[in-house]
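Below is my_file-v1.cif, holding mmCIF, C-alpha atoms and all ligand atoms.
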```cif
data_run
#
loop_
_atom_site.label_atom_id
_atom_site.label_comp_id
_atom_site.auth_asym_id
_atom_site.auth_seq_id
_atom_site.Cartn_x
_atom_site.Cartn_y
_atom_site.Cartn_z
CA MET A 1 -4.40 -19.62 -17.91
CA LYS A 2 -4.53 -16.23 -16.17
CA LYS A 3 -8.20 -15.88 -17.15
CA ARG A 4 -9.01 -19.19 -15.52
CA ILE A 5 -7.50 -18.04 -12.22
CA TRP A 6 -9.68 -14.94 -12.23
CA ARG A 7 -12.80 -16.97 -12.99
CA TRP A 8 -12.03 -19.10 -9.96
CA ALA A 9 -11.58 -15.88 -7.98
CA ARG A 10 -15.07 -14.68 -8.89
CA VAL A 11 -16.60 -17.97 -7.79
CA SER A 12 -14.80 -17.88 -4.45
CA SER A 13 -15.85 -14.26 -3.89
CA ALA A 14 -19.44 -15.36 -3.43
CA VAL A 15 -18.60 -16.51 0.08
CA SER A 16 -15.99 -13.90 0.94
CA GLU A 17 -16.55 -11.27 3.61
CA PHE A 18 -15.11 -8.75 1.11
CA HIS A 19 -17.85 -9.38 -1.41
CA ASN A 20 -19.36 -5.98 -2.29
CA ARG A 21 -16.92 -4.18 -0.01
CA THR A 22 -15.04 -1.22 -1.49
CA VAL A 23 -11.27 -1.12 -1.11
CA ILE A 24 -9.21 1.94 -2.05
CA VAL A 25 -5.55 1.27 -2.85
CA THR A 26 -3.33 4.30 -3.36
CA GLY A 27 -0.51 3.72 -5.82
CA GLY A 28 -2.44 0.61 -6.85
CA GLY A 29 -1.52 0.86 -10.53
CA LYS A 30 1.69 -1.10 -10.26
CA GLY A 31 4.31 -2.63 -7.97
CA ILE A 32 3.24 -3.63 -4.47
CA GLY A 33 -0.04 -1.73 -4.92
CA ALA A 34 -1.00 -3.93 -7.87
CA GLY A 35 -0.36 -7.03 -5.72
CA ILE A 36 -2.60 -5.59 -2.99
CA VAL A 37 -5.30 -4.89 -5.59
CA ARG A 38 -5.08 -8.47 -6.94
CA GLN A 39 -5.41 -9.99 -3.47
CA PHE A 40 -8.50 -7.97 -2.52
CA ALA A 41 -9.99 -8.59 -5.99
CA GLN A 42 -9.56 -12.34 -5.52
CA LYS A 43 -11.64 -11.99 -2.35
CA GLY A 44 -14.45 -10.38 -4.33
CA ALA A 45 -13.86 -6.79 -3.26
CA ARG A 46 -14.73 -3.81 -5.44
CA ILE A 47 -11.56 -1.88 -6.19
CA ALA A 48 -10.81 1.85 -6.43
CA ILE A 49 -7.25 2.58 -7.51
CA ALA A 50 -6.02 6.07 -6.60
CA ASP A 51 -2.78 6.63 -8.47
CA LYS A 52 -1.10 9.65 -9.99
CA ASP A 53 -0.06 7.64 -13.05
CA PRO A 54 -2.82 7.72 -15.72
CA GLY A 55 -1.53 4.28 -16.82
CA SER A 56 -3.40 2.83 -13.83
CA THR A 57 -6.64 3.18 -15.84
CA GLU A 58 -5.36 0.40 -18.14
CA PHE A 59 -4.80 -1.90 -15.15
CA ALA A 60 -8.35 -1.18 -13.94
CA SER A 61 -9.80 -1.92 -17.36
CA ARG A 62 -7.88 -5.26 -17.53
CA LEU A 63 -9.38 -6.16 -14.15
CA ARG A 64 -12.86 -5.30 -15.43
CA GLN A 65 -12.31 -7.63 -18.40
CA ASP A 66 -11.65 -10.35 -15.81
CA GLY A 67 -14.97 -9.58 -14.11
CA ILE A 68 -13.65 -7.42 -11.27
CA ASP A 69 -15.51 -4.21 -10.40
CA ALA A 70 -12.45 -1.94 -10.58
CA ARG A 71 -12.06 1.73 -11.42
CA SER A 72 -9.15 4.08 -11.34
CA TYR A 73 -9.00 7.68 -10.16
CA VAL A 74 -6.00 9.71 -11.22
CA CYS A 75 -4.89 11.64 -8.18
CA ASP A 76 -1.73 12.84 -6.47
CA VAL A 77 -2.11 11.91 -2.80
CA SER A 78 0.07 14.84 -1.71
CA ILE A 79 -2.45 17.40 -3.02
CA GLY A 80 -5.47 17.92 -0.79
CA SER A 81 -7.86 19.11 -3.51
CA GLU A 82 -7.07 16.07 -5.73
CA VAL A 83 -7.54 13.67 -2.81
CA GLU A 84 -10.84 15.29 -1.86
CA ARG A 85 -12.14 15.09 -5.44
CA ALA A 86 -11.06 11.45 -5.92
CA VAL A 87 -12.60 10.30 -2.63
CA GLN A 88 -15.88 12.11 -3.39
CA GLU A 89 -16.00 10.36 -6.77
CA ILE A 90 -15.22 6.96 -5.24
CA ALA A 91 -17.93 7.41 -2.58
CA ARG A 92 -20.41 8.42 -5.29
CA ASP A 93 -19.47 5.56 -7.68
CA PHE A 94 -19.34 2.76 -5.09
CA GLY A 95 -21.78 4.01 -2.47
CA ARG A 96 -19.57 2.90 0.43
CA ILE A 97 -15.90 2.70 1.46
CA ASP A 98 -14.72 -0.14 3.70
CA VAL A 99 -10.96 -0.41 3.40
CA LEU A 100 -8.21 2.10 2.66
CA VAL A 101 -4.70 0.89 1.87
CA ASN A 102 -2.21 3.77 1.88
CA ASN A 103 0.48 2.30 -0.32
CA ALA A 104 1.61 5.16 -2.62
CA GLY A 105 5.15 6.13 -1.78
CA ILE A 106 8.49 7.16 -3.20
CA PHE A 107 11.92 6.07 -1.96
CA PRO A 108 14.68 8.32 -3.26
CA ARG A 109 18.17 7.98 -1.81
CA GLY A 110 19.80 10.88 -0.02
CA ASP A 111 21.69 11.64 3.20
CA LEU A 112 21.78 14.87 5.21
CA PHE A 113 23.91 16.65 2.63
CA SER A 114 22.52 15.31 -0.62
CA THR A 115 18.87 15.76 0.37
CA ASP A 116 17.71 19.25 -0.51
CA GLU A 117 14.66 21.04 0.85
CA ALA A 118 12.51 20.25 -2.21
CA LEU A 119 13.25 16.51 -2.01
CA TRP A 120 12.57 16.45 1.74
CA GLU A 121 9.20 18.12 1.19
CA ARG A 122 8.30 15.84 -1.72
CA VAL A 123 9.01 12.69 0.29
CA MET A 124 7.11 13.94 3.33
CA GLY A 125 4.31 15.22 1.08
CA ILE A 126 3.67 11.84 -0.54
CA ASN A 127 4.71 9.31 2.12
CA LEU A 128 3.30 11.07 5.18
CA LYS A 129 1.02 13.99 4.33
CA GLY A 130 -0.57 11.89 1.57
CA VAL A 131 -1.59 9.28 4.15
CA PHE A 132 -2.99 11.98 6.44
CA LEU A 133 -4.97 13.55 3.57
CA MET A 134 -6.38 10.20 2.42
CA CYS A 135 -7.46 9.21 5.94
CA LYS A 136 -9.03 12.63 6.57
CA ALA A 137 -11.04 12.36 3.33
CA VAL A 138 -12.01 8.68 3.61
CA VAL A 139 -12.90 8.18 7.29
CA PRO A 140 -16.16 10.20 7.14
CA HIS A 141 -17.33 7.78 4.40
CA MET A 142 -16.62 4.62 6.39
CA ALA A 143 -19.60 2.98 8.08
CA GLN A 144 -19.60 3.46 11.82
CA ASP A 145 -22.40 1.29 13.04
CA SER A 146 -21.19 -2.30 12.89
CA GLU A 147 -18.75 -4.41 14.88
CA ALA A 148 -15.90 -4.10 12.35
CA SER A 149 -16.79 -1.22 10.12
CA GLY A 150 -13.55 -0.15 8.56
CA SER A 151 -9.89 -0.92 8.11
CA ILE A 152 -6.94 1.27 7.21
CA VAL A 153 -3.65 -0.38 6.29
CA ASN A 154 -0.56 1.80 5.88
CA ILE A 155 2.41 0.49 3.96
CA GLY A 156 5.54 1.29 5.95
CA SER A 157 9.12 0.11 5.66
CA LEU A 158 11.83 -1.59 7.69
CA HIS A 159 13.87 1.57 7.07
CA SER A 160 11.69 3.25 9.73
CA SER A 161 13.67 1.50 12.46
CA LYS A 162 17.15 1.53 10.90
CA GLY A 163 19.94 4.01 11.46
CA GLU A 164 21.22 4.08 7.85
CA ASP A 165 21.28 7.61 6.50
CA VAL A 166 21.27 6.73 2.79
CA THR A 167 17.52 7.21 2.64
CA LEU A 168 17.13 9.84 5.35
CA ALA A 169 13.88 11.54 4.32
CA TYR A 170 12.31 8.19 3.37
CA ALA A 171 13.21 6.55 6.68
CA VAL A 172 11.91 9.54 8.66
CA SER A 173 8.65 9.59 6.66
CA LYS A 174 8.08 5.89 7.38
CA GLY A 175 9.00 6.41 11.05
CA GLY A 176 6.33 9.12 11.19
CA LEU A 177 3.90 6.66 9.67
CA ILE A 178 4.30 4.38 12.71
CA THR A 179 3.37 7.23 15.06
CA PHE A 180 0.50 8.20 12.76
CA THR A 181 -0.79 4.61 12.68
CA ARG A 182 -0.78 4.29 16.48
CA ASN A 183 -2.42 7.68 17.04
CA LEU A 184 -5.12 7.10 14.45
CA ALA A 185 -5.81 3.57 15.72
CA HIS A 186 -6.53 5.03 19.14
CA ALA A 187 -8.61 7.90 17.80
CA LEU A 188 -10.72 5.73 15.47
CA ALA A 189 -11.29 2.78 17.81
CA PRO A 190 -14.59 4.24 19.09
CA ARG A 191 -15.80 4.20 15.46
CA ARG A 192 -14.68 0.54 15.14
CA ILE A 193 -12.20 1.52 12.44
CA ARG A 194 -8.94 -0.37 12.80
CA VAL A 195 -5.59 1.05 11.66
CA ASN A 196 -2.48 -1.06 11.11
CA CYS A 197 0.79 -0.93 9.25
CA VAL A 198 2.59 -3.50 7.08
CA HIS A 199 6.36 -3.26 6.65
CA PRO A 200 7.40 -4.96 3.40
CA GLY A 201 10.89 -6.42 3.30
CA TRP A 202 12.26 -6.26 -0.23
CA VAL A 203 10.06 -6.34 -3.32
CA ALA A 204 11.27 -6.17 -6.93
CA SER A 205 8.52 -3.71 -7.82
CA GLU A 206 8.68 -1.52 -10.93
CA GLY A 207 9.95 1.36 -8.79
CA GLU A 208 12.64 -0.75 -7.12
CA VAL A 209 13.85 -2.25 -10.40
CA ALA A 210 13.99 1.23 -12.00
CA ARG A 211 16.17 2.30 -9.08
CA TRP A 212 18.55 -0.63 -9.59
CA GLU A 213 18.79 0.22 -13.28
CA ALA A 214 19.38 3.93 -12.59
CA ASN A 215 22.18 3.04 -10.15
CA GLY A 216 23.72 0.63 -12.66
CA SER A 217 23.34 -2.20 -10.15
CA ASP A 218 24.12 -5.78 -11.11
CA ILE A 219 20.55 -7.14 -11.11
CA GLU A 220 21.67 -10.76 -11.24
CA ARG A 221 23.82 -10.20 -8.14
CA ILE A 222 20.88 -8.58 -6.35
CA GLN A 223 18.68 -11.55 -7.18
CA GLN A 224 21.36 -13.94 -5.93
CA SER A 225 21.76 -12.00 -2.66
CA ALA A 226 17.99 -12.22 -2.10
CA LYS A 227 18.44 -15.99 -1.77
CA SER A 228 20.39 -15.38 1.43
CA MET A 229 17.30 -13.90 3.08
CA PRO A 230 16.10 -16.19 5.92
CA LEU A 231 13.12 -17.46 3.91
CA GLY A 232 15.17 -17.64 0.73
CA ARG A 233 13.55 -15.09 -1.56
CA MET A 234 12.36 -11.54 -2.03
CA GLN A 235 8.77 -10.76 -1.21
CA THR A 236 6.16 -10.04 -3.87
CA GLY A 237 3.40 -7.48 -4.01
CA ASP A 238 0.98 -10.35 -3.52
CA ASP A 239 2.73 -11.33 -0.24
CA ILE A 240 2.10 -7.79 1.00
CA GLY A 241 -1.46 -7.91 -0.35
CA GLN A 242 -2.22 -11.07 1.62
CA ALA A 243 -1.18 -9.33 4.83
CA ALA A 244 -3.36 -6.31 3.99
CA VAL A 245 -6.32 -8.64 3.34
CA PHE A 246 -5.75 -10.42 6.66
CA LEU A 247 -5.48 -7.17 8.64
CA SER A 248 -8.73 -5.96 7.05
CA SER A 249 -10.59 -9.21 7.67
CA ASP A 250 -12.83 -10.26 10.54
CA GLN A 251 -10.03 -12.62 11.68
CA ALA A 252 -8.07 -9.50 12.63
CA GLY A 253 -11.09 -7.88 14.27
CA GLN A 254 -9.22 -7.21 17.52
CA ILE A 255 -5.95 -6.07 15.94
CA THR A 256 -5.33 -2.34 15.73
CA GLY A 257 -2.37 0.01 16.02
CA GLN A 258 0.06 -2.79 15.09
CA MET A 259 3.06 -3.16 12.78
CA LEU A 260 3.40 -6.37 10.78
CA ALA A 261 6.68 -7.06 8.99
CA VAL A 262 6.24 -9.15 5.83
CA ASP A 263 9.92 -9.48 5.16
CA GLY A 264 10.89 -13.14 4.88
CA GLY A 265 12.78 -12.77 8.17
CA LEU A 266 14.93 -9.85 6.99
CA SER A 267 14.45 -7.90 10.22
CA ILE A 268 15.53 -10.81 12.42
CA ARG A 269 18.55 -11.74 10.33
CA ARG A 270 21.85 -12.01 12.15
CA PRO A 271 23.88 -8.81 11.56
CA ILE A 272 26.90 -9.37 9.29
P1 LIG B 301 6.48 1.57 -7.16
O1 LIG B 301 7.27 2.80 -7.50
O2 LIG B 301 6.74 0.33 -7.92
O3 LIG B 301 4.91 1.91 -7.24
C1 LIG B 301 4.42 3.05 -6.57
C2 LIG B 301 3.04 3.42 -7.09
O4 LIG B 301 2.63 4.59 -6.37
C3 LIG B 301 3.05 3.78 -8.58
O5 LIG B 301 1.91 3.26 -9.22
C4 LIG B 301 3.03 5.31 -8.57
O6 LIG B 301 2.42 5.87 -9.73
C5 LIG B 301 2.21 5.59 -7.30
N1 LIG B 301 2.49 6.92 -6.74
C6 LIG B 301 3.71 7.48 -6.51
N2 LIG B 301 3.54 8.72 -6.04
C7 LIG B 301 2.21 8.95 -5.97
C8 LIG B 301 1.42 10.05 -5.57
N3 LIG B 301 1.98 11.21 -5.20
N4 LIG B 301 0.07 9.94 -5.60
C9 LIG B 301 -0.51 8.78 -6.02
N5 LIG B 301 0.18 7.72 -6.44
C10 LIG B 301 1.53 7.80 -6.41
O7 LIG B 301 6.72 1.36 -5.59
P2 LIG B 301 6.58 0.04 -4.68
O8 LIG B 301 7.91 -0.58 -4.52
O9 LIG B 301 5.45 -0.77 -5.16
O10 LIG B 301 6.25 0.71 -3.27
C11 LIG B 301 4.93 0.78 -2.74
C12 LIG B 301 5.03 1.12 -1.26
O11 LIG B 301 5.77 0.10 -0.58
C13 LIG B 301 5.75 2.44 -0.97
O12 LIG B 301 5.09 3.11 0.07
C14 LIG B 301 7.13 2.00 -0.53
O13 LIG B 301 7.75 2.92 0.33
C15 LIG B 301 6.81 0.69 0.18
N6 LIG B 301 7.94 -0.25 0.29
C16 LIG B 301 8.50 -0.82 -0.83
C17 LIG B 301 9.55 -1.73 -0.67
C18 LIG B 301 10.19 -2.44 -1.86
O14 LIG B 301 11.14 -3.21 -1.65
N7 LIG B 301 9.72 -2.22 -3.09
C19 LIG B 301 10.04 -2.04 0.60
C20 LIG B 301 9.46 -1.41 1.71
C21 LIG B 301 8.40 -0.53 1.53
#
```

For the structure just supplied, provide its representation as structure tokens.
Ligand code: NAD
Amino acid sequence: MKKRIWRWARVSSAVSEFHNRTVIVTGGGKGIGAGIVRQFAQKGARIAIADKDPGSTEFASRLRQDGIDARSYVCDVSIGSEVERAVQEIARDFGRIDVLVNNAGIFPRGDLFSTDEALWERVMGINLKGVFLMCKAVVPHMAQDSEASGSIVNIGSLHSSKGEDVTLAYAVSKGGLITFTRNLAHALAPRRIRVNCVHPGWVASEGEVARWEANGSDIERIQQSAKSMPLGRMQTGDDIGQAAVFLSSDQAGQITGQMLAVDGGLSIRRPI
């Protein structure tokens, strides 16, 4: 059944504007990143997964079996030399880079007192510096001569605008990502590279589920509470992927420096 869906995807790609375009997805090996990869792949894009988990190579090889031109590059986005090497390899292998989705991120809990210096630096290193390093390495490879030559989509979080301190470093890193997105959008507009940010609501990704399990949370209760979200369910990685595809498409050709919440109405819910 799954195979049949992919075959349909390859047929539809023949008319897609993403056909033969190269899309890099950081942290694309699982969770939300895998949903983003699937959505771009369904549009016929060529996929480069940049993930620190070597297991992402298996995901890329499954995609290739389904006829998608996908490769994985093991790289930690918080380390400049690894980012530089991975982007050089991607540019060499694919010949062009059109879209960068900065999705890799970690979300450990911790308030002012339980967050130590090492954790603070790790969160900032991956969630914020990693985005900076990826953009710095990728932008020189993006075409600069057409009407809509490149798109960068950063994956943010609703925590960026909340005052809860249970995820202090995480919230601050995602807040910084908003400022980064706006600044870069302005700086790259003359090159016709657009930069936007998607704020997912709540996604039962591998990372999120592992966190529930580690906290001993009642998963059934969590799933029940998700039904009280305005649109009645949690989001999926594919929901986030669809927004990333839209923001990178010609339909969004005049959209840059913007934040798009894909949260089933979570951010407009009446406070309890
Ligand atoms: P996840 O833990 O399920 O997957 C994260 C992926 O990123 C993994 O494949 C992991 O190997 C990779 N990764 C982690 N650190 C990396 C590094 N240093 N270099 C390269 N790759 C790295 O997480 P997720 O829930 O899919 O989250 C993806 C993004 O969405 C994150 O930026 C997160 O902050 C954001 N987000 C998630 C939710 C949610 O509810 N799950 C909500 C809002 C925002």

### Surrounding residues of stretch 171-178 of chain A excluding itself and chain neighbours under 5 positions, 8 Å, only C-alpha atoms, as a ChimeraX atom specification
/A:123-124,127-128,154,156-157,159-162,197,259

### Message
Could you list the protein, DNA and RNA residues that have any atom within 8 Å of ligand LIG 301 (chain B), counting all atoms listed in the file, and write them as a PyMOL selection string?
### Response
chain A and resi 26-34+50-53+56+74-79+102-107+125-127+130+155-159+170+174+199-209+235+237

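Among A:Pro108, A:Ala210, A:Leu184, A:Asn215, the residue with the shortest atom-to-atom distance to A:Val166, counting only C-alpha atoms, is A:Pro108.
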
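Between atom CA of A:Val37 and atom CA of A:Met134 there is a distance of 17.1 Å.
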
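Taking atom CA of A:Glu89 and atom CA of A:Tyr73 as endpoints, the distance between them is 8.2 Å.
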
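The point (-10.7, -7.4, -11.6) has these residues within 10 Å of it when all atoms listed in the file are used: Trp6, Arg7, Ala9, Arg10, Val37, Arg38, Phe40, Ala41, Gln42, Gly44, Ala45, Arg46, Ile47, Phe59, Ala60, Ser61, Arg62, Leu63, Arg64, Gln65, Asp66, Gly67, Ile68, Asp69, Ala70 and Arg71 of chain A.
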
### Query
Of the residues A:Thr57, A:Thr22, A:Gln224, A:Asn196, which is the one nearest to A:Met142, using all atoms listed in the file?
A:Thr22

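Of the residues listed (A:Val195, A:Ala214, A:Leu100, A:Ala137), A:Leu100 shows the shortest atom-to-atom separation from A:Ile36; distances use only C-alpha atoms.
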
### Query
Between atom CA of A:Ala261 and atom CA of A:Met229, what is the spacing in Å?
13.9 Å

### Task
List every protein, DNA or RNA residue that has at least one atom no more than 10 Å from (-19.1, 3.3, -0.9) in the file's coordinates, counting all atoms listed in the file, and write the result as a count of residues only.
22

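Nearest residue to A:Ala86 among A:Leu119, A:Ile255, A:Ile49, A:Ile240 is A:Ile49, counting all atoms listed in the file.
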